[in-house]
Amino acid sequence: KSCLSAEGAGRSLSGKDAAMRDIPHLDSRVAVEAGIEQGWRRYLGSAGRFVGLDRFGASAPAKRVYEELGVTVAAIVQQANLALTGELS
């Protein structure tokens, strides 16, 4: 499986459609968003993974909110590993 970093790094968010088309062999995709998943599914495909928020309304320092809602480095690594191995979560 290939990694986006070599071929698609540094592209702006506005160019993500082109970035995904330029790498058709890319099966393992993980999106990380400090917001909801809405809109990401079209870039992730059916096997893609998402790490982000599933609700609004949390009020606390960002680090605490992200930890409480599971937006952590550990969660990103876990989802990346699952995407690379094709395992279900």
# chains A, B, ... in the order shown; residues from 1 in each chain; ligands from 1
call {"tool": "residues_around", "arguments": {"residues": "Gly57 of chain A", "least_positions_apart": "5", "cutoff": "12 Å", "atoms": "only C-alpha atoms", "output": "ChimeraX atom specification"}}
result
/A:35,65,69
call {"tool": "residues_around", "arguments": {"residues": "segment 80-87 of chain A", "least_positions_apart": "2", "cutoff": "8 Å", "atoms": "only C-alpha atoms", "output": "MDAnalysis selection string"}}
result
chainID A and resid 1 28:30 47:49 76:78 89
call {"tool": "atom_distance", "arguments": {"atom1": "atom CA of Gly70 of chain A", "atom2": "atom CA of Gln38 of chain A"}}
result
17.2 Å
call {"tool": "atom_distance", "arguments": {"atom1": "atom CA of Ala58 of chain A", "atom2": "atom CA of Ala31 of chain A"}}
result
20.8 Å
call {"tool": "atom_distance", "arguments": {"atom1": "atom CA of Val73 of chain A", "atom2": "atom CA of Glu37 of chain A"}}
result
17.4 Å
